[in-house]
$ cat model17.pdb   # PDB, C-alpha atoms
ATOM      1  CA  MET I1231      93.176 104.360  94.514
ATOM      2  CA  THR I1232      94.106 102.602  97.729
ATOM      3  CA  PRO I1233      92.971 103.673 101.202
ATOM      4  CA  GLU I1234      96.591 104.590 101.980
ATOM      5  CA  GLN I1235      96.835 106.854  98.929
ATOM      6  CA  LEU I1236      93.572 108.549  99.827
ATOM      7  CA  TYR I1237      94.819 108.983 103.381
ATOM      8  CA  ASP I1238      97.956 110.776 102.150
ATOM      9  CA  ILE I1239      95.917 113.104  99.935
ATOM     10  CA  LEU I1240      93.308 113.945 102.569
ATOM     11  CA  SER I1241      95.877 114.325 105.313
ATOM     12  CA  LYS I1242      97.669 117.037 103.315
ATOM     13  CA  TYR I1243      94.348 118.599 102.372
ATOM     14  CA  ALA I1244      93.251 118.727 106.028
ATOM     15  CA  GLU I1245      96.480 120.424 107.073
ATOM     16  CA  SER I1246      96.047 122.977 104.300
ATOM     17  CA  GLN I1247      92.647 123.797 105.832
ATOM     18  CA  GLY I1248      94.091 124.247 109.311
ATOM     19  CA  ILE I1249      92.461 121.063 110.576
ATOM     20  CA  ARG I1250      93.601 117.440 110.843
ATOM     21  CA  LEU I1251      92.551 113.868 110.204
ATOM     22  CA  ASN I1252      91.683 111.987 113.384
ATOM     23  CA  ARG I1253      94.852 110.612 114.945
ATOM     24  CA  ASP I1254      93.126 107.226 115.386
ATOM     25  CA  ARG I1255      94.662 105.634 112.319
ATOM     26  CA  ASP I1256      92.521 102.457 112.415
ATOM     27  CA  LEU I1257      89.330 104.484 112.501
ATOM     28  CA  VAL I1258      90.520 106.740 109.697
ATOM     29  CA  MET I1259      91.585 103.853 107.475
ATOM     30  CA  GLY I1260      88.114 102.362 107.919
ATOM     31  CA  ILE I1261      86.647 105.672 106.776
ATOM     32  CA  MET I1262      89.025 105.740 103.783
ATOM     33  CA  ALA I1263      87.762 102.293 102.792
ATOM     34  CA  GLY I1264      84.163 103.456 103.227
ATOM     35  CA  LEU I1265      84.722 106.528 101.074
ATOM     36  CA  LEU I1266      86.284 104.450  98.306
ATOM     37  CA  THR I1267      83.454 101.907  98.523
ATOM     38  CA  ASN I1268      80.914 104.696  98.119
ATOM     39  CA  GLU I1269      82.881 106.191  95.238
ATOM     40  CA  GLN I1270      82.709 102.849  93.455
ATOM     41  CA  ARG I1271      79.024 102.406  94.260
ATOM     42  CA  TYR I1272      77.733 105.875  93.490
ATOM     43  CA  GLY I1273      80.447 107.685  91.556
ATOM     44  CA  TYR I1274      81.119 110.173  94.325
ATOM     45  CA  ARG I1275      82.550 109.961  97.830
ATOM     46  CA  SER I1276      79.330 110.036  99.735
ATOM     47  CA  CYS I1277      79.636 110.252 103.529
ATOM     48  CA  PRO I1278      80.202 106.696 104.784
ATOM     49  CA  CYS I1279      78.272 107.379 108.006
ATOM     50  CA  ARG I1280      75.038 108.328 106.254
ATOM     51  CA  LEU I1281      72.668 106.427 104.024
ATOM     52  CA  SER I1282      73.144 107.749 100.505
ATOM     53  CA  TRP I1283      70.465 108.345  97.951
ATOM     54  CA  GLY I1284      72.849 107.226  95.218
ATOM     55  CA  ASP I1285      71.999 110.479  93.454
ATOM     56  CA  LYS I1286      74.757 113.065  93.270
ATOM     57  CA  GLU I1287      72.357 116.021  93.275
ATOM     58  CA  LYS I1288      70.395 114.769  96.286
ATOM     59  CA  ASP I1289      73.603 113.916  98.126
ATOM     60  CA  LYS I1290      75.544 117.037  97.241
ATOM     61  CA  ASP I1291      75.453 118.162 100.876
ATOM     62  CA  ILE I1292      77.015 114.902 102.084
ATOM     63  CA  ALA I1293      79.724 114.387  99.468
ATOM     64  CA  CYS I1294      82.813 114.312 101.676
ATOM     65  CA  PRO I1295      83.796 116.794 102.967
ATOM     66  CA  CYS I1296      80.156 117.456 103.732
ATOM     67  CA  VAL I1297      78.744 120.940 104.132
ATOM     68  CA  TYR I1298      78.170 120.193 107.823
ATOM     69  CA  ARG I1299      81.853 119.562 108.533
ATOM     70  CA  ASP I1300      82.881 123.129 109.325
ATOM     71  CA  PRO I1301      79.984 123.979 111.659
ATOM     72  CA  ASP I1302      80.446 120.595 113.374
ATOM     73  CA  ILE I1303      84.163 121.175 113.888
ATOM     74  CA  LYS I1304      83.419 124.665 115.159
ATOM     75  CA  GLU I1305      80.872 123.389 117.681
ATOM     76  CA  TYR I1306      82.196 119.937 118.592
ATOM     77  CA  GLY I1307      85.780 119.823 117.330
ATOM     78  CA  SER I1308      85.051 117.013 114.879
ATOM     79  CA  CYS I1309      82.871 116.217 111.917
ATOM     80  CA  TYR I1310      79.985 113.756 112.166
ATOM     81  CA  CYS I1311      82.223 110.803 111.188
ATOM     82  CA  GLU I1312      85.163 111.963 113.341
ATOM     83  CA  LEU I1313      87.331 112.007 110.239
ATOM     84  CA  TYR I1314      88.126 115.722 110.162
ATOM     85  CA  VAL I1315      88.955 117.202 113.534
ATOM     86  CA  SER I1316      90.452 120.320 115.022
ATOM     87  CA  VAL I1317      94.013 120.334 116.325
ATOM     88  CA  GLU I1318      92.633 120.801 119.848
ATOM     89  CA  TRP I1319      90.337 117.775 119.498
ATOM     90  CA  ASN I1320      93.198 115.630 118.189
ATOM     91  CA  GLU I1321      95.419 116.620 121.079
ATOM     92  CA  GLY I1322      92.697 115.858 123.618
ATOM     93  CA  ARG I1323      92.452 119.455 124.755
ATOM     94  CA  ILE I1324      88.691 119.538 124.244
ATOM     95  CA  PRO I1325      86.202 116.813 125.177
ATOM     96  CA  HIS I1326      85.199 114.285 122.531
ATOM     97  CA  ARG I1327      81.442 114.480 122.297
ATOM     98  CA  GLN I1328      79.035 112.586 120.123
ATOM     99  CA  VAL I1329      78.252 114.812 117.153
ATOM    100  CA  PRO I1330      74.520 114.921 116.459
ATOM    101  CA  GLU I1331      73.251 114.689 112.894
ATOM    102  CA  ARG I1332      73.089 118.196 111.458
ATOM    103  CA  ARG I1333      71.720 117.158 108.076
ATOM    104  CA  PRO I1334      68.074 118.294 107.938
ATOM    105  CA  LYS I1335      65.651 115.428 108.335
ATOM    106  CA  ASP I1336      63.926 116.124 105.034
ATOM    107  CA  LYS I1337      67.195 115.536 103.201
ATOM    108  CA  ARG I1338      67.958 112.191 104.855
ATOM    109  CA  ARG I1339      67.273 108.928 103.131
ATOM    110  CA  THR I1340      64.619 107.206 105.186
ATOM    111  CA  LEU I1341      63.670 104.454 102.765
TER
ATOM    112  CA  MET T1064      76.562  93.274 131.143
ATOM    113  CA  ALA T1065      73.601  91.759 129.429
ATOM    114  CA  LYS T1066      72.603  88.190 129.849
ATOM    115  CA  SER T1067      73.235  86.026 126.834
ATOM    116  CA  GLN T1068      69.528  85.707 126.110
ATOM    117  CA  THR T1069      69.074  89.468 125.757
ATOM    118  CA  LYS T1070      68.187  90.222 122.196
ATOM    119  CA  ILE T1071      70.435  92.877 120.759
ATOM    120  CA  ARG T1072      69.873  94.214 117.279
ATOM    121  CA  LEU T1073      72.068  96.654 115.416
ATOM    122  CA  PHE T1074      71.036  98.597 112.341
ATOM    123  CA  THR T1075      74.246  99.709 110.719
ATOM    124  CA  LEU T1076      75.967 100.835 107.539
ATOM    125  CA  SER T1077      78.817  98.667 106.274
ATOM    126  CA  THR T1078      80.906 101.784 105.575
ATOM    127  CA  CYS T1079      80.280 103.716 108.791
ATOM    128  CA  SER T1080      83.079 104.257 111.323
ATOM    129  CA  HIS T1081      80.707 104.477 114.289
ATOM    130  CA  CYS T1082      78.969 101.289 113.153
ATOM    131  CA  ILE T1083      82.288  99.472 112.848
ATOM    132  CA  ARG T1084      83.230 100.565 116.368
ATOM    133  CA  THR T1085      79.848  99.463 117.671
ATOM    134  CA  LYS T1086      80.210  95.986 116.170
ATOM    135  CA  LYS T1087      83.728  95.755 117.610
ATOM    136  CA  PHE T1088      82.496  96.823 121.062
ATOM    137  CA  PHE T1089      80.019  93.950 121.247
ATOM    138  CA  LYS T1090      82.460  91.474 119.712
ATOM    139  CA  ASP T1091      85.188  92.406 122.224
ATOM    140  CA  ALA T1092      82.664  92.098 125.056
ATOM    141  CA  GLY T1093      81.715  88.631 123.848
ATOM    142  CA  ILE T1094      78.076  89.666 123.401
ATOM    143  CA  ASP T1095      76.148  88.154 120.532
ATOM    144  CA  VAL T1096      74.263  90.601 118.355
ATOM    145  CA  GLU T1097      72.229  90.446 115.215
ATOM    146  CA  PHE T1098      73.215  93.205 112.823
ATOM    147  CA  THR T1099      71.799  94.468 109.573
ATOM    148  CA  ASP T1100      73.916  96.558 107.220
ATOM    149  CA  VAL T1101      71.111  98.565 105.684
ATOM    150  CA  ASP T1102      73.218  99.958 102.822
ATOM    151  CA  LEU T1103      73.764  96.430 101.526
ATOM    152  CA  LEU T1104      70.044  95.711 101.251
ATOM    153  CA  GLU T1105      67.850  96.382  98.252
ATOM    154  CA  GLY T1106      64.174  96.585  97.458
ATOM    155  CA  ALA T1107      61.720  95.092  99.935
ATOM    156  CA  ASP T1108      64.479  94.037 102.346
ATOM    157  CA  ARG T1109      65.729  97.620 102.541
ATOM    158  CA  GLU T1110      62.205  98.932 103.012
ATOM    159  CA  LYS T1111      61.513  96.482 105.819
ATOM    160  CA  ALA T1112      64.754  97.333 107.607
ATOM    161  CA  MET T1113      64.169 101.084 107.300
ATOM    162  CA  ASP T1114      60.650 100.699 108.652
ATOM    163  CA  GLU T1115      62.169  99.098 111.741
ATOM    164  CA  VAL T1116      64.813 101.811 112.043
ATOM    165  CA  LYS T1117      62.144 104.525 111.793
ATOM    166  CA  LYS T1118      60.154 102.930 114.616
ATOM    167  CA  LEU T1119      63.194 102.646 116.867
ATOM    168  CA  ASN T1120      64.892 105.894 115.902
ATOM    169  CA  PRO T1121      62.801 108.443 114.007
ATOM    170  CA  GLU T1122      66.008 110.343 113.264
ATOM    171  CA  CYS T1123      66.995 107.475 110.942
ATOM    172  CA  THR T1124      70.679 107.656 111.810
ATOM    173  CA  PHE T1125      73.258 104.909 112.248
ATOM    174  CA  PRO T1126      74.053 102.902 114.194
ATOM    175  CA  THR T1127      70.653 102.347 115.770
ATOM    176  CA  ILE T1128      71.156  99.901 118.621
ATOM    177  CA  CYS T1129      68.273  98.018 120.171
ATOM    178  CA  ILE T1130      69.025  96.309 123.496
ATOM    179  CA  GLY T1131      65.880  94.640 124.745
ATOM    180  CA  ASP T1132      63.482  97.549 125.225
ATOM    181  CA  HIS T1133      66.207 100.187 125.103
ATOM    182  CA  VAL T1134      67.358 102.074 122.037
ATOM    183  CA  VAL T1135      70.751 103.738 121.785
ATOM    184  CA  VAL T1136      71.536 105.977 118.845
ATOM    185  CA  GLY T1137      75.152 106.295 117.756
ATOM    186  CA  PHE T1138      78.220 104.701 119.266
ATOM    187  CA  ASN T1139      77.884 105.956 122.814
ATOM    188  CA  GLU T1140      79.674 103.504 125.086
ATOM    189  CA  ASP T1141      78.198 104.921 128.292
ATOM    190  CA  ARG T1142      74.650 104.649 127.007
ATOM    191  CA  ILE T1143      75.248 101.172 125.632
ATOM    192  CA  ARG T1144      76.640  99.996 128.989
ATOM    193  CA  GLU T1145      73.733 101.636 130.783
ATOM    194  CA  ALA T1146      71.231  99.858 128.520
ATOM    195  CA  LEU T1147      73.036  96.558 129.061
ATOM    196  CA  GLU T1148      72.898  97.042 132.831
ATOM    197  CA  LYS T1149      69.202  97.884 132.792
ATOM    198  CA  LYS T1150      68.356  94.755 130.904
TER
END

$ encode --input "model17.pdb" --output "structure tokens"
Amino acid sequence: MTPEQLYDILSKYAESQGIRLNRDRDLVMGIMAGLLTNEQRYGYRSCPCRLSWGDKEKDKDIACPCVYRDPDIKEYGSCYCELYVSVEWNEGRIPHRQVPERRPKDKRRTL
Amino acid sequence: MAKSQTKIRLFTLSTCSHCIRTKKFFKDAGIDVEFTDVDLLEGADREKAMDEVKKLNPECTFPTICIGDHVVVGFNEDRIREALEKK
């Protein structure tokens, strides 16, 4: 799959969820490439902004879309990677804040 | 902006959007940095890099940006500029 094909799929998926992909196309295409790289490396689309364990079970919370996406969008308007965003965030109607890591520390790969 | 002799180190992931933006920020500003894509390392090299990340940023998130004595976590342009000014 190419980054462009993944973009088309995820763009439609986001709209079906009532959210959007970030309107910054360059940023999003970089994330598409990162997701595909991780899929090749690990066999699943692990979050490109987090260090993966390379173990599907241990990373089940950060397989994109991660389980933290919805609470992050609710609180900040975007997910941790700024891939999935709310309509308001995309239109600049709410401030763009740095999204802190919501993944519990004991689940993060630190080695 | 920082003087050219200021040592700036970035701990990044090759796949991470915030890390890519951070690298671009320094490149566009003409500031030399030394970066380590931790996800591309294995074994002892990975361990060594993560030990450094842990010391600088116990949260172990990326990018971890070290500007002289200042540490900035995440791509936060204001904080990066502030750290560059302080140096």

$ interface_residues --input "model17.pdb" --of "chain T" --to "chain I" --cutoff "10 Å" --atoms "all atoms listed in the file" --output "ChimeraX atom specification"
/T:1075-1084,1101-1102,1106-1107,1109-1114,1116-1117,1121-1126,1136-1139

$ residues_around --input "model17.pdb" --residues "Glu1245 of chain I" --least-positions-apart "5" --cutoff "12 Å" --atoms "only C-alpha atoms" --output "ChimeraX atom specification"
/I:1238-1240,1250-1252,1314-1317

$ closest_residue --input "model17.pdb" --among "T:Asp1108, T:Asp1100, T:Glu1148, T:Asp1141" --to "Thr1127 of chain T" --atoms "all atoms listed in the file"
T:Asp1100

$ closest_residue --input "model17.pdb" --among "I:Asp1300, I:Gly1273, I:Pro1233, I:Ile1292" --to "Gln1247 of chain I" --atoms "only C-alpha atoms"
I:Asp1300

$ atom_distance --input "model17.pdb" --atom1 "atom CA of Thr1085 of chain T" --atom2 "atom CA of Glu1321 of chain I"
23.4 Å

$ residues_around --input "model17.pdb" --residues "Trp1319 of chain I" --least-positions-apart "6" --cutoff "8 Å" --atoms "all atoms listed in the file" --output "ChimeraX atom specification"
/I:1307-1308,1325-1326

$ atom_distance --input "model17.pdb" --atom1 "atom CA of Pro1301 of chain I" --atom2 "atom CA of Ile1324 of chain I"
15.9 Å

$ atom_distance --input "model17.pdb" --atom1 "atom CA of Glu1115 of chain T" --atom2 "atom CA of Thr1069 of chain T"
18.4 Å

$ axis_aligned_box --input "model17.pdb" --around "segment 1317-1322 of chain I" --padding-each-side "5 Å" --output "AutoDock Vina command-line options"
--center_x 92.9 --center_y 118.2 --center_z 120.0 --size_x 15.1 --size_y 15.2 --size_z 17.3

$ residues_around --input "model17.pdb" --residues "Glu1145 of chain T" --least-positions-apart "2" --cutoff "12 Å" --atoms "all atoms listed in the file" --output "list in words"
Met1064, Ala1065, Ile1130, His1133, Val1134, Val1135, Asn1139, Glu1140, Asp1141, Arg1142, Ile1143, Leu1147, Glu1148, Lys1149 and Lys1150 of chain T

$ decode --input "model17.pdb" --residues "segment 1255-1340 of chain I" --atoms "C-alpha atoms" --output "CSV table (one decimal), in the first residue's frame"
chain,number,residue,atom,x,y,z
I,1255,ARG,CA,-1.1,17.4,4.2
I,1256,ASP,CA,2.7,17.2,4.5
I,1257,LEU,CA,2.5,16.3,8.1
I,1258,VAL,CA,-0.2,13.7,7.4
I,1259,MET,CA,1.7,12.1,4.6
I,1260,GLY,CA,4.7,11.8,6.9
I,1261,ILE,CA,2.5,10.0,9.4
I,1262,MET,CA,1.2,7.7,6.6
I,1263,ALA,CA,4.8,6.8,5.8
I,1264,GLY,CA,5.5,6.2,9.5
I,1265,LEU,CA,2.5,4.0,9.9
I,1266,LEU,CA,3.4,1.9,6.8
I,1267,THR,CA,7.0,1.6,8.1
I,1268,ASN,CA,5.8,0.3,11.4
I,1269,GLU,CA,3.4,-2.1,9.7
I,1270,GLN,CA,6.3,-3.5,7.8
I,1271,ARG,CA,8.5,-3.7,10.9
I,1272,TYR,CA,6.1,-5.1,13.4
I,1273,GLY,CA,3.1,-6.4,11.4
I,1274,TYR,CA,0.7,-3.8,12.8
I,1275,ARG,CA,0.4,-0.1,12.5
I,1276,SER,CA,1.9,1.0,15.7
I,1277,CYS,CA,1.8,4.7,16.6
I,1278,PRO,CA,4.7,6.4,14.7
I,1279,CYS,CA,5.1,8.9,17.5
I,1280,ARG,CA,5.8,6.3,20.2
I,1281,LEU,CA,8.5,3.7,20.7
I,1282,SER,CA,7.0,0.3,20.0
I,1283,TRP,CA,7.6,-2.9,21.8
I,1284,GLY,CA,7.3,-4.8,18.6
I,1285,ASP,CA,4.8,-7.0,20.4
I,1286,LYS,CA,1.2,-6.7,19.2
I,1287,GLU,CA,-0.2,-7.6,22.6
I,1288,LYS,CA,2.0,-5.1,24.5
I,1289,ASP,CA,1.3,-2.4,21.9
I,1290,LYS,CA,-2.4,-3.1,21.5
I,1291,ASP,CA,-3.2,0.3,23.1
I,1292,ILE,CA,-1.1,2.2,20.6
I,1293,ALA,CA,-2.1,0.4,17.4
I,1294,CYS,CA,-3.4,3.3,15.3
I,1295,PRO,CA,-6.0,4.6,16.0
I,1296,CYS,CA,-4.8,4.3,19.6
I,1297,VAL,CA,-7.1,4.0,22.6
I,1298,TYR,CA,-6.0,7.5,23.7
I,1299,ARG,CA,-7.2,9.2,20.5
I,1300,ASP,CA,-10.8,9.8,21.5
I,1301,PRO,CA,-10.1,11.3,25.0
I,1302,ASP,CA,-7.3,13.4,23.5
I,1303,ILE,CA,-9.5,14.7,20.8
I,1304,LYS,CA,-12.2,15.4,23.4
I,1305,GLU,CA,-9.7,17.3,25.6
I,1306,TYR,CA,-7.3,18.9,23.1
I,1307,GLY,CA,-9.0,18.6,19.7
I,1308,SER,CA,-6.3,16.3,18.3
I,1309,CYS,CA,-4.7,13.0,19.0
I,1310,TYR,CA,-1.1,12.7,20.3
I,1311,CYS,CA,0.3,12.6,16.7
I,1312,GLU,CA,-2.0,15.3,15.4
I,1313,LEU,CA,-3.2,12.9,12.8
I,1314,TYR,CA,-6.8,12.7,13.8
I,1315,VAL,CA,-8.4,16.0,14.8
I,1316,SER,CA,-11.8,17.5,15.4
I,1317,VAL,CA,-13.5,19.7,12.8
I,1318,GLU,CA,-13.1,22.7,15.1
I,1319,TRP,CA,-9.3,22.0,15.5
I,1320,ASN,CA,-8.9,21.7,11.7
I,1321,GLU,CA,-10.7,25.0,11.1
I,1322,GLY,CA,-8.6,26.8,13.7
I,1323,ARG,CA,-11.6,27.5,15.9
I,1324,ILE,CA,-9.9,26.0,19.0
I,1325,PRO,CA,-6.3,26.5,20.0
I,1326,HIS,CA,-3.7,24.0,18.9
I,1327,ARG,CA,-2.0,22.8,22.1
I,1328,GLN,CA,0.7,20.3,22.6
I,1329,VAL,CA,-1.0,17.0,23.6
I,1330,PRO,CA,0.7,15.4,26.6
I,1331,GLU,CA,1.4,11.6,26.5
I,1332,ARG,CA,-1.7,9.9,28.0
I,1333,ARG,CA,-0.3,6.4,27.7
I,1334,PRO,CA,0.5,5.2,31.3
I,1335,LYS,CA,4.2,5.2,32.0
I,1336,ASP,CA,4.3,1.5,32.9
I,1337,LYS,CA,3.1,0.7,29.4
I,1338,ARG,CA,5.8,2.8,27.6
I,1339,ARG,CA,8.9,1.3,26.2
I,1340,THR,CA,11.8,2.7,28.1
